[in-house]
Every structure is written in structure tokens, then in C-alpha cells.
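K.L.:
Sharing a structure below in C-alpha cells format, with a few things to ask.
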There are 2 protein chains.
Amino acid sequence: MAKAVATRGFARDRVLDAARALFTEHGVGGTSLQMIADRLGVSTSAVYYQFRSKADIVVTVFRPVFEDITRVIRIAAAIPSREVRREATISGMIELAVRHRRTTALVRTDPAVAELVEAVGEFRDAVADLQVILAGPAPDPASRTAVAVLVSGIFGAAADPAVAAIPDEELHRLLLDCARRLVAA
Amino acid sequence: MAKAVATRGFARDRVLDAARALFTEHGVGGTSLQMIADRLGVSTSAVYYQFRSKADIVVTVFRPVFEDITRVIRIAAAIPSREVRREATISGMIELAVRHRRTTALVRTDPAVAELVEAVGEFRDAVADLQVILAGPAPDPASRTAVAVLVSGIFGAAADPAVAAIPDEELHRLLLDCARRLVAA
DNA sequence: GTCTATATATGGATAGAC
DNA sequence: GTCTATCCATATATAGAC
């Protein structure tokens with residue numbers, strides 16, 4: 001129990017790291033500022049010095065993920081062929097799902113994050129665009145189901161403890177295999 | 001705003017219905033007894049008359065799902081061929097995922113439910129057994145990844161709003177197609 | 001930059017009246 | 001079977017001292 005070493009200067013990042021870990025363990029709703037403060041060995045007030053509110057922390061934690069999704073969409077949107085565009089989107093989605101691993105699971109599943117997505121237009125658009133590129137504008141039941149399995153499967157699997165030991169590169173490749181099998185009509 | 005009609009005699013079931021709906025919307029952690037009581041137009045004390053605690057409600061809501069999982073496993077365990085056994089397990093898993101739809105999503109994703117699973121040995125065993133039947137006792141990375149995609153994909157997709165309009169039978173069939181494509185090595 | 005103290009709300013839970 | 005009243009713990013958040 002060495003006294004909490006204040007590595008100094010990066011207090012904000014330390015709060016974000018602790019928040020990320022706790023969000024993963026207990027969900028956003030199950031994580032209090034007290035828990036974050038305790039993990040850092042500081043008081044809640046110290047946390048409030050770095051962030052205006054809990055919502056501020058949540059938004060800061062998840063912004064990078066949605067920025068990545070937006071980036072993947074923007075790159076894909078420039079591709080003329082629908083087939084190639086979908087391929088690129090899936091590949092980009094897997095890349096970011098693996099890179100963010102623990103964080104991304106919550107994007108698809110945590111009710112608090114779902115509310116956040118609804119609230120922040122920027123995030124909401126990213127998710128909507130993703131659906132359209134993958135399933136098309138007016139998808140039939142089979143496409144809708146396949147896309148739902150694909151997205152839930154990718155994001156859920158990337159965060160599954162069962163694959164935690166698999167290195168990023170290998171996991172990326174394995175998920176790509178699964179995705180190809182799924183969407184290969 | 002007609003005064004809350006107390007259909008009488010089924011107060012317990014009405015609490016469970018309200019809880020299920022709220023758990024789906026806000027997650028278990030994000031649902032308070034106050035919210036449940038409000039939705040029924042009663043006081044929290046009235047809810048406490050039907051259940052000892054919030055945990056009691058949670059356990060009662062999720063028990064049927066885990067009982068179904070246990071039943072699927074028990075039936076599958078009696079099948080000698082490993083191939084056929086896995087097929088039967090997947091089919092049974094899809095059947096219960098579709099039948100419970102909104103509830104099952106939380107089983108894979110809600111941190112509060114994850115803690116519940118850890119706490120209740122009966123539930124924990126069901127989940128562990130499911131993994132072993134699907135992936136085998138010492139699975140390689142590829143199998144672990146495929147099973148993770150399969151389970152997350154099935155449960156996540158069944159609860160996805162995008163497939164809400166698809167009838168149970170059709171959704172079951174479509175999910176089975178997805179599963180076959182995924183595990184067909 | 002971190003602390004103490006505090007305001008205020010909400011959550012889970014119980015006792016006892018009706 | 002439902003309500004009022006209440007207890008206690010915890011949560012978010014702020015003010016101000018050091």
C-alpha cells in the first residue's frame with residue numbers, strides 16, 4: 001500500500017484511466033466519483049478539480065471511440081463500390097474494436113452510454129451512418145439480422161475475457177475471418 | 001392518466017413486468033425501486049411488500065433465463081456426438097434468446113447481472129457449461145474467438161431494436177443461418 | 001492541486017398506521 | 001395490501017480553507 005504516487009501533471013489522464021477501468025468492471029451507472037477518487041487515493045473534490053461533472057468524464061472517455069467510428073465512416077464514404085465500401089467499414093470497425101477493446105464493449109451495451117449517444121448528436125450520427133453503410137438504406141430482415149449479429153458479435157467478442165490473452169493483430173485477423181463468414185451471402 | 005387500475009391479485013407479476021421493462025431501458029443499476037413504484041402508480045413500500053429487496057426482484061426476473069440455459073445444457077449433455085451436441089446447444093440457445101429477447105440482452109452485458117451470475121452458483125455453472133460445450137475444454141484462439149462472436153452476436157442481435165419487428169419464428173431461422181455460417185469451419 | 005466541510009438529492013430499507 | 005413517515009447510506013456537486 002505505497003502512498004499514492006502523484007506522478008504529477010497528468011492528473012486528468014489518471015482520472016480517465018481509473019474511470020475507464022471502473023466503467024468496464026461496474027458499468028457507467030455502477031461507478032461513482034467516490035470509486036474513482038478512491039482508486040486514485042484522492043478525494044472526490046480532487047476529481048472535480050479536473051472535471052466539471054461525471055457526465056464530463058463519461059463523454060471524455062468515450063469521445064475517442066466515436067471519433068474513430070466517424071473517421072472510419074468518412075474514409076468509407078469516399079469509396080464508390082458498395083461492396084468495397086462495406087469491406088472497408090467492417091475492417092475499420094474491427095480495428096477500432098480491438099484497439100479499444102474494453103471500452104468498446106460498453107458502447108454497444110451500457111444503458112448510460114446509450115443515453116449519451118442519444119444526447120450527443122455527433123455520436124448519434126456516427127452510429128446511424130454505420131448501420132446504413134453496413135445494411136443499406138432499406139434492408140430486408142435477413143440483412144438486418146446479419147448486421148446485428150456482426151456488430152454485436154464484433155464489439156462483444158473484442159471485450160470478452162475469453163479472448164483477452166490473444167494479441168491485437170491475431171484477434172483482428174480472427175475477427176475478420178468471422179465477419180467474412182457472416183456476410184458472405 | 002386514468003388512475004392506476006389495480007388488476008388485483010397479480011401485484012407481484014406487475015412488479016416483475018415493470019422491472020423487466022425498466023431494466024431493459026436503463027439497465028439494472030440504473031433502475032431504482034422508486035422508478036418501478038412510479039410506473040405502477042404505487043409507493044416503494046408497496047413494492048417492498050411483494051419483494052424483500054431489489055436483489056430479490058433482480059434474481060426473480062433473471063431466474064427463468066438461467067433455468068432455460070440449464071435446461072438446454074442438460075438436454076445437450078445427453079447427446080454423445082460432439083457435433084450434434086453443439087448443434088443442439090446452439091439451436092436451444094437461439095430459441096431462448098429469441099423467446100426472452102429484451103431480457104437476454106442484459107444477461108451478456110449488464111454489469112449488475114454479471115455480478116449476480118458470479119454470486120449465484122447455479123447461474124455461474126450454467127454459463128460455464130455453455131462455454132465448454134460450445135468451444136470445447138481447451139479451445140484454440142480461433143475457436144475462442146468464434147464462440148465469443150457467436151454468443152455475443154446471438155444474444156446481442158436478438159435484443160437489437162433493428163430486429164424488433166421480425167416475428168420470433170423468422171428471427172430464429174435467420175439467427176440459425178448466421179450461426180451455421182459462423183461455426184462452419 | 002488537494003483538503004474539509006457541507007448542501008442537496010436520491011436510493012434502499014423498515015416500522016407502524018390505516 | 002397500501003400508505004406515511006422515517007432512517008441511514010451514498011451520490012453529485014459546491015464553497016472555501018490551506
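Just remember, in the C-alpha cells the first chain shown is A, the second B, etc., residues are 1-based per chain, and ligands are 1-based in the order shown.
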Could you pull the residues within 8 Å of stretch 77-87 of chain A, counting only C-alpha atoms (C1' of nucleotides), minus those fewer than 3 positions along the same chain, as a list of chain:residue names?

P.N.:
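Near stretch 77-87 of chain A, the qualifying residues are A:Ile73, A:Arg74, A:Ile90, A:Ser91, A:Ile133, A:Leu134.
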
K.L.:
Can I get the selection written as a PDB file, in the first residue's frame, with N, CA, C and O atoms?

P.N.:
```pdb
ATOM      1  N   ILE A  73     -16.066   5.866 -41.016  1.00  0.00           N
ATOM      2  CA  ILE A  73     -17.187   6.194 -41.918  1.00  0.00           C
ATOM      3  C   ILE A  73     -16.753   7.161 -43.002  1.00  0.00           C
ATOM      4  O   ILE A  73     -17.094   7.010 -44.179  1.00  0.00           O
ATOM      5  N   ARG A  74     -15.994   8.189 -42.610  1.00  0.00           N
ATOM      6  CA  ARG A  74     -15.591   9.221 -43.566  1.00  0.00           C
ATOM      7  C   ARG A  74     -14.727   8.621 -44.661  1.00  0.00           C
ATOM      8  O   ARG A  74     -14.872   8.915 -45.846  1.00  0.00           O
ATOM      9  N   ILE A  90     -16.170  -2.681 -42.331  1.00  0.00           N
ATOM     10  CA  ILE A  90     -16.033  -3.804 -41.402  1.00  0.00           C
ATOM     11  C   ILE A  90     -14.607  -3.893 -40.873  1.00  0.00           C
ATOM     12  O   ILE A  90     -14.373  -4.047 -39.673  1.00  0.00           O
ATOM     13  N   SER A  91     -13.661  -3.776 -41.788  1.00  0.00           N
ATOM     14  CA  SER A  91     -12.258  -3.858 -41.382  1.00  0.00           C
ATOM     15  C   SER A  91     -11.897  -2.746 -40.400  1.00  0.00           C
ATOM     16  O   SER A  91     -11.242  -2.985 -39.390  1.00  0.00           O
ATOM     17  N   ILE A 133     -24.371   2.114 -43.837  1.00  0.00           N
ATOM     18  CA  ILE A 133     -23.306   1.583 -44.694  1.00  0.00           C
ATOM     19  C   ILE A 133     -23.285   0.060 -44.668  1.00  0.00           C
ATOM     20  O   ILE A 133     -23.116  -0.593 -45.694  1.00  0.00           O
ATOM     21  N   LEU A 134     -23.508  -0.522 -43.495  1.00  0.00           N
ATOM     22  CA  LEU A 134     -23.421  -1.975 -43.376  1.00  0.00           C
ATOM     23  C   LEU A 134     -24.642  -2.683 -43.958  1.00  0.00           C
ATOM     24  O   LEU A 134     -24.515  -3.688 -44.660  1.00  0.00           O
TER      25      LEU A 134
END
```

K.L.:
Find the residues around C:DA5 up to 12 Å (only C-alpha atoms (C1' of nucleotides) counted), leave out those fewer than 4 positions away in its own chain, and share them as an NGL selection string.

P.N.:
(:A and (45)) or (:D and (14-17))

K.L.:
Apply DSSP to the structure's backbone, then extract all residues of stretch 104-175 of chain B labelled helix (DSSP H, G or I) and return them as a compact mmCIF listing (two decimals) with N, CA, C and O atoms, in the first residue's frame.

P.N.:
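Written file, states-v4.txt:
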```txt
# COMPACT_ATOMS: atom_id res chain seq x y z
N THR B 104 -32.76 -11.11 -22.32
CA THR B 104 -31.50 -11.83 -22.51
C THR B 104 -30.32 -10.92 -22.83
O THR B 104 -29.19 -11.24 -22.51
N ALA B 105 -30.61 -9.78 -23.46
CA ALA B 105 -29.51 -8.89 -23.79
C ALA B 105 -28.72 -8.55 -22.54
O ALA B 105 -27.49 -8.55 -22.54
N LEU B 106 -29.43 -8.30 -21.45
CA LEU B 106 -28.79 -7.89 -20.21
C LEU B 106 -27.92 -8.98 -19.63
O LEU B 106 -26.93 -8.70 -18.94
N VAL B 107 -28.27 -10.24 -19.91
CA VAL B 107 -27.52 -11.36 -19.35
C VAL B 107 -26.06 -11.29 -19.77
O VAL B 107 -25.16 -11.58 -19.02
N ARG B 108 -25.84 -10.90 -21.01
CA ARG B 108 -24.47 -10.85 -21.52
C ARG B 108 -23.78 -9.52 -21.23
O ARG B 108 -22.58 -9.40 -21.36
N THR B 109 -24.54 -8.50 -20.88
CA THR B 109 -23.95 -7.17 -20.93
C THR B 109 -24.03 -6.35 -19.65
O THR B 109 -23.16 -5.54 -19.38
N PRO B 111 -23.50 -5.13 -16.11
CA PRO B 111 -22.53 -5.43 -15.06
C PRO B 111 -23.20 -5.95 -13.80
O PRO B 111 -22.66 -6.83 -13.13
N ALA B 112 -24.38 -5.43 -13.50
CA ALA B 112 -25.08 -5.88 -12.31
C ALA B 112 -25.48 -7.34 -12.44
O ALA B 112 -25.43 -8.10 -11.48
N VAL B 113 -25.87 -7.74 -13.65
CA VAL B 113 -26.23 -9.14 -13.89
C VAL B 113 -24.98 -10.01 -13.83
O VAL B 113 -25.02 -11.12 -13.32
N ALA B 114 -23.87 -9.47 -14.34
CA ALA B 114 -22.61 -10.22 -14.27
C ALA B 114 -22.25 -10.52 -12.83
O ALA B 114 -21.82 -11.63 -12.51
N GLU B 115 -22.46 -9.53 -11.95
CA GLU B 115 -22.19 -9.75 -10.53
C GLU B 115 -23.15 -10.79 -9.95
O GLU B 115 -22.77 -11.61 -9.13
N LEU B 116 -24.38 -10.72 -10.40
CA LEU B 116 -25.39 -11.70 -9.96
C LEU B 116 -24.97 -13.11 -10.35
O LEU B 116 -25.03 -14.04 -9.56
N VAL B 117 -24.49 -13.25 -11.59
CA VAL B 117 -24.07 -14.55 -12.09
C VAL B 117 -22.93 -15.10 -11.23
O VAL B 117 -22.91 -16.28 -10.87
N GLU B 118 -22.00 -14.22 -10.90
CA GLU B 118 -20.88 -14.64 -10.05
C GLU B 118 -21.36 -15.08 -8.68
O GLU B 118 -20.83 -16.02 -8.09
N ALA B 119 -22.37 -14.40 -8.19
CA ALA B 119 -22.84 -14.63 -6.82
C ALA B 119 -23.68 -15.91 -6.69
O ALA B 119 -23.57 -16.63 -5.70
N GLY B 121 -24.25 -19.48 -7.59
CA GLY B 121 -23.51 -20.60 -8.15
C GLY B 121 -24.25 -21.31 -9.26
O GLY B 121 -23.66 -21.70 -10.28
N GLU B 122 -25.53 -21.45 -9.09
CA GLU B 122 -26.41 -22.11 -10.04
C GLU B 122 -26.34 -21.43 -11.42
O GLU B 122 -26.26 -22.07 -12.46
N PHE B 123 -26.33 -20.09 -11.41
CA PHE B 123 -26.26 -19.32 -12.65
C PHE B 123 -24.86 -19.43 -13.25
O PHE B 123 -24.67 -19.55 -14.46
N ARG B 124 -23.86 -19.35 -12.36
CA ARG B 124 -22.47 -19.36 -12.80
C ARG B 124 -22.15 -20.66 -13.54
O ARG B 124 -21.50 -20.67 -14.58
N ASP B 125 -22.62 -21.76 -12.98
CA ASP B 125 -22.39 -23.07 -13.60
C ASP B 125 -22.98 -23.13 -15.00
O ASP B 125 -22.36 -23.65 -15.93
N ALA B 126 -24.19 -22.61 -15.15
CA ALA B 126 -24.86 -22.65 -16.45
C ALA B 126 -24.02 -21.97 -17.52
O ALA B 126 -23.83 -22.50 -18.62
N VAL B 127 -23.50 -20.80 -17.19
CA VAL B 127 -22.70 -20.04 -18.15
C VAL B 127 -21.40 -20.77 -18.48
O VAL B 127 -20.99 -20.86 -19.64
N ALA B 128 -20.76 -21.31 -17.46
CA ALA B 128 -19.50 -22.03 -17.66
C ALA B 128 -19.70 -23.26 -18.54
O ALA B 128 -18.93 -23.50 -19.47
N ASP B 129 -20.74 -24.02 -18.24
CA ASP B 129 -21.04 -25.22 -19.02
C ASP B 129 -21.28 -24.88 -20.49
O ASP B 129 -20.84 -25.60 -21.39
N LEU B 130 -21.99 -23.78 -20.70
CA LEU B 130 -22.30 -23.35 -22.06
C LEU B 130 -21.02 -23.13 -22.85
O LEU B 130 -20.88 -23.58 -23.99
N GLN B 131 -20.06 -22.44 -22.24
CA GLN B 131 -18.78 -22.17 -22.90
C GLN B 131 -18.07 -23.46 -23.28
O GLN B 131 -17.54 -23.58 -24.39
N VAL B 132 -18.05 -24.42 -22.35
CA VAL B 132 -17.33 -25.67 -22.59
C VAL B 132 -17.96 -26.45 -23.74
O VAL B 132 -17.27 -26.95 -24.63
N ILE B 133 -19.27 -26.55 -23.74
CA ILE B 133 -19.95 -27.30 -24.81
C ILE B 133 -19.68 -26.66 -26.17
O ILE B 133 -19.45 -27.35 -27.16
N LEU B 134 -19.70 -25.34 -26.21
CA LEU B 134 -19.54 -24.66 -27.49
C LEU B 134 -18.11 -24.67 -28.00
O LEU B 134 -17.85 -24.88 -29.18
N ALA B 135 -17.16 -24.42 -27.11
CA ALA B 135 -15.78 -24.25 -27.56
C ALA B 135 -14.89 -25.45 -27.25
O ALA B 135 -13.79 -25.55 -27.77
N PRO B 141 -7.22 -20.18 -30.04
CA PRO B 141 -7.67 -18.80 -30.22
C PRO B 141 -8.80 -18.66 -31.23
O PRO B 141 -9.76 -17.91 -30.99
N ALA B 142 -8.72 -19.38 -32.34
CA ALA B 142 -9.75 -19.25 -33.37
C ALA B 142 -11.11 -19.70 -32.85
O ALA B 142 -12.13 -19.03 -33.09
N SER B 143 -11.13 -20.82 -32.12
CA SER B 143 -12.40 -21.31 -31.57
C SER B 143 -12.94 -20.34 -30.53
O SER B 143 -14.14 -20.05 -30.50
N ARG B 144 -12.04 -19.88 -29.67
CA ARG B 144 -12.48 -18.96 -28.62
C ARG B 144 -13.10 -17.71 -29.24
O ARG B 144 -14.14 -17.22 -28.79
N THR B 145 -12.47 -17.21 -30.29
CA THR B 145 -12.98 -16.00 -30.94
C THR B 145 -14.33 -16.26 -31.59
O THR B 145 -15.27 -15.49 -31.43
N ALA B 146 -14.43 -17.38 -32.31
CA ALA B 146 -15.68 -17.70 -33.00
C ALA B 146 -16.83 -17.86 -32.00
O ALA B 146 -17.94 -17.36 -32.23
N VAL B 147 -16.57 -18.55 -30.90
CA VAL B 147 -17.62 -18.75 -29.90
C VAL B 147 -18.02 -17.41 -29.26
O VAL B 147 -19.20 -17.15 -29.03
N ALA B 148 -17.02 -16.57 -29.01
CA ALA B 148 -17.32 -15.25 -28.44
C ALA B 148 -18.21 -14.45 -29.37
O ALA B 148 -19.19 -13.83 -28.95
N VAL B 149 -17.88 -14.47 -30.67
CA VAL B 149 -18.70 -13.75 -31.66
C VAL B 149 -20.09 -14.37 -31.70
O VAL B 149 -21.11 -13.66 -31.74
N LEU B 150 -20.14 -15.69 -31.67
CA LEU B 150 -21.42 -16.39 -31.73
C LEU B 150 -22.34 -15.99 -30.58
O LEU B 150 -23.48 -15.56 -30.79
N VAL B 151 -21.84 -16.13 -29.37
CA VAL B 151 -22.68 -15.87 -28.20
C VAL B 151 -23.06 -14.38 -28.10
O VAL B 151 -24.24 -14.04 -27.95
N SER B 152 -22.07 -13.51 -28.21
CA SER B 152 -22.39 -12.08 -28.17
C SER B 152 -23.31 -11.70 -29.31
O SER B 152 -24.24 -10.91 -29.14
N GLY B 153 -23.04 -12.26 -30.48
CA GLY B 153 -23.84 -11.94 -31.67
C GLY B 153 -25.28 -12.37 -31.50
O GLY B 153 -26.20 -11.59 -31.75
N ILE B 154 -25.49 -13.60 -31.07
CA ILE B 154 -26.86 -14.12 -30.92
C ILE B 154 -27.64 -13.31 -29.88
O ILE B 154 -28.72 -12.78 -30.18
N PHE B 155 -27.07 -13.21 -28.69
CA PHE B 155 -27.80 -12.53 -27.62
C PHE B 155 -27.96 -11.04 -27.91
O PHE B 155 -29.02 -10.45 -27.67
N GLY B 156 -26.91 -10.43 -28.43
CA GLY B 156 -26.98 -9.01 -28.75
C GLY B 156 -27.96 -8.73 -29.87
O GLY B 156 -28.76 -7.80 -29.79
N ALA B 157 -27.93 -9.55 -30.91
CA ALA B 157 -28.80 -9.33 -32.06
C ALA B 157 -30.26 -9.54 -31.70
O ALA B 157 -31.14 -8.78 -32.13
N ALA B 158 -30.53 -10.56 -30.89
CA ALA B 158 -31.91 -10.85 -30.52
C ALA B 158 -32.56 -9.65 -29.85
O ALA B 158 -33.77 -9.44 -29.96
N PRO B 161 -32.90 -3.36 -31.46
CA PRO B 161 -34.13 -2.72 -31.93
C PRO B 161 -34.36 -2.93 -33.43
O PRO B 161 -35.51 -2.96 -33.88
N ALA B 162 -33.27 -3.10 -34.18
CA ALA B 162 -33.37 -3.25 -35.63
C ALA B 162 -34.12 -4.52 -36.04
O ALA B 162 -34.64 -4.61 -37.15
N VAL B 163 -34.20 -5.50 -35.14
CA VAL B 163 -34.88 -6.74 -35.50
C VAL B 163 -36.18 -6.92 -34.71
O VAL B 163 -36.81 -7.97 -34.77
N ASP B 168 -40.85 -13.98 -34.05
CA ASP B 168 -39.98 -14.94 -33.37
C ASP B 168 -39.49 -16.06 -34.30
O ASP B 168 -38.29 -16.34 -34.37
N GLU B 169 -40.42 -16.70 -34.98
CA GLU B 169 -40.05 -17.85 -35.83
C GLU B 169 -39.03 -17.49 -36.90
O GLU B 169 -38.04 -18.18 -37.10
N GLU B 170 -39.30 -16.36 -37.56
CA GLU B 170 -38.40 -15.93 -38.64
C GLU B 170 -37.03 -15.54 -38.08
O GLU B 170 -36.00 -15.91 -38.64
N LEU B 171 -37.04 -14.82 -36.98
CA LEU B 171 -35.78 -14.40 -36.37
C LEU B 171 -34.95 -15.61 -35.96
O LEU B 171 -33.73 -15.65 -36.16
N HIS B 172 -35.64 -16.60 -35.40
CA HIS B 172 -34.97 -17.83 -35.00
C HIS B 172 -34.25 -18.46 -36.21
O HIS B 172 -33.08 -18.81 -36.14
N ARG B 173 -34.97 -18.54 -37.30
CA ARG B 173 -34.41 -19.14 -38.52
C ARG B 173 -33.21 -18.34 -39.03
O ARG B 173 -32.16 -18.89 -39.37
N LEU B 174 -33.35 -17.02 -39.05
CA LEU B 174 -32.28 -16.16 -39.55
C LEU B 174 -31.03 -16.24 -38.67
O LEU B 174 -29.90 -16.25 -39.16
N LEU B 175 -31.25 -16.30 -37.37
CA LEU B 175 -30.11 -16.39 -36.45
C LEU B 175 -29.41 -17.74 -36.60
O LEU B 175 -28.19 -17.83 -36.51
```

K.L.:
Would you kindly report the residues of chain A within 12 Å of chain C, using only C-alpha atoms (C1' of nucleotides), as an MDAnalysis selection string?

P.N.:
chainID A and resid 6 8:12 37 41:50

K.L.:
Pull out every residue of chain D that has at least one atom within 9 Å of chain A, counting only C-alpha atoms (C1' of nucleotides), and report them as JSON, numbers by chain.

P.N.:
{"D": [11, 12, 13]}

K.L.:
Of the candidates A:Arg63, A:Thr89, A:Val120, A:Gly30, which one gets nearest to chain B if we count only C-alpha atoms?

P.N.:
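Ranking A:Arg63, A:Thr89, A:Val120, A:Gly30 by distance to chain B, first place goes to A:Gly30.
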
K.L.:
How many Å lie between atom CA of A:Arg102 and atom CA of B:Thr103, rounded to one decimal?

P.N.:
22.8 Å

K.L.:
So the first atom is atom CA of A:Asp17 and the second is atom CA of A:Val65; what is the distance between them in Å, to one decimal place?

P.N.:
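Computed distance, atom CA of A:Asp17 to atom CA of A:Val65, equals 14.5 Å.
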
K.L.:
Enter the distance from atom CA of A:Ala138 to atom CA of B:Asp177, in Å, rounded to one decimal.

P.N.:
20.6 Å

K.L.:
With distances taken over only C-alpha atoms, which of B:Val59, B:Ile36, B:Met93, B:Leu22 is nearest to chain A?

P.N.:
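The shortest atom-to-atom distance to chain A comes from B:Leu22.
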